[in-house]
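Below is one structure, written out as structure tokens; the observations come after it.
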Amino acid sequence: FATNGLNVDDNVIHHTLGEGIRLWGDRNRARRNLVVLALWPSDSLTWTAAIEINHGSNIELQGNIVAGFAKIGYHIDGEPCP
């Protein structure tokens with residue numbers, strides 16, 4: 001799952017079980033995607049997101065839309081505290 005330099009652009013991702021987009025590498029981009037009707041695996045104890053990038057670095061998100069997910073839309077790392 002550690003792909004580097006991948007572009008995920010202009011997709012409609014519909015009815016997934018778990019993440020619709022998972023970017024775990026470096027310098028990946030997700031632009032203008034629609035993730036809709038993504039389901040959370042009922043036997044999973046972990047929180048999944050429609051778009052998950054919390055294990056990636058230098059990720060570019062631009063113009064993505066998430067609609068109809070059972071848990072969280074985006075799983076990202078926040079900015080570090082000073």
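Naming scheme: A, B, ... for chains in displayed order of the structure tokens; residues 1 onward per chain; ligands 1 onward as shown.
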
Practice item. Write out as a list in words each polymer residue whose atoms come within 7 Å of region 2-15 of chain A, counting only C-alpha atoms; drop sequence neighbours fewer than 2 positions from it. Key: Leu17, Gly20, Trp24, Gly25, Asp26, Arg27, Asn28, Arg29, Ala30, Arg31, Arg32, Asn33, Leu34, Val35, Val36, Leu37, Ala38 and Leu39 of chain A

Practice item. Please return as an NGL selection string: the residues of chain A that backbone DSSP assigns to strand (DSSP E or B). Key: :A and (7-9 or 12-14 or 17 or 21-22 or 26 or 29-31 or 34-39 or 49-52 or 57 or 60-62 or 65-69 or 72-75)

**Study point:** Given only C-alpha atoms as the counted atoms, nearest of A:Leu23, A:Tyr74, A:Gly18, A:Pro82 to Asp43 (chain A)
**Key:**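 The answer is A:Gly18, which sits nearest to Asp43 (chain A).
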
Residues near Arg22 (chain A), anyone? I mean within 8 Å using only C-alpha atoms, not counting same-chain ones fewer than 3 positions away, as a PDB file with C-alpha atoms, in the first residue's frame.
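Written output follows (part_17.pdb):
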ATOM      1  CA  GLU A  19     -12.238   2.902   2.267  1.00  0.00           C
ATOM      2  CA  ILE A  51     -10.856   8.739   1.961  1.00  0.00           C
ATOM      3  CA  GLU A  52      -7.961   7.619   4.151  1.00  0.00           C
ATOM      4  CA  ILE A  53      -4.575   9.313   3.935  1.00  0.00           C
TER       5      ILE A  53
END

Exercise for review: Measure the distance from CA of Ala49 (chain A) to CA of Gly73 (chain A) in Å and round it to one decimal.
Suggested key: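 Atom-to-atom, CA of Ala49 (chain A) and CA of Gly73 (chain A) are spaced 5.2 Å apart.
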
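Minimum atom-to-atom distance to Asn64 (chain A), evaluated using only C-alpha atoms, belongs to A:Ile21 out of A:Gly78, A:Thr16, A:Ile21, A:Trp47.
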
Revision key, fill the gap. A straight line from CA of Asp77 (chain A) to CA of Asn58 (chain A) spans 11.2 Å

Review point. In Å, how far is it from CA of Ser44 (chain A) to CA of Ile59 (chain A)?
Key: 25.9 Å

Review point. Do you know which residues are at most 12 Å from Leu45 (chain A) counting only C-alpha atoms, after dropping those on the same chain fewer than 4 positions away, and could you put them as a VMD selection string?
Key: chain A and resid 18 40 to 41 71
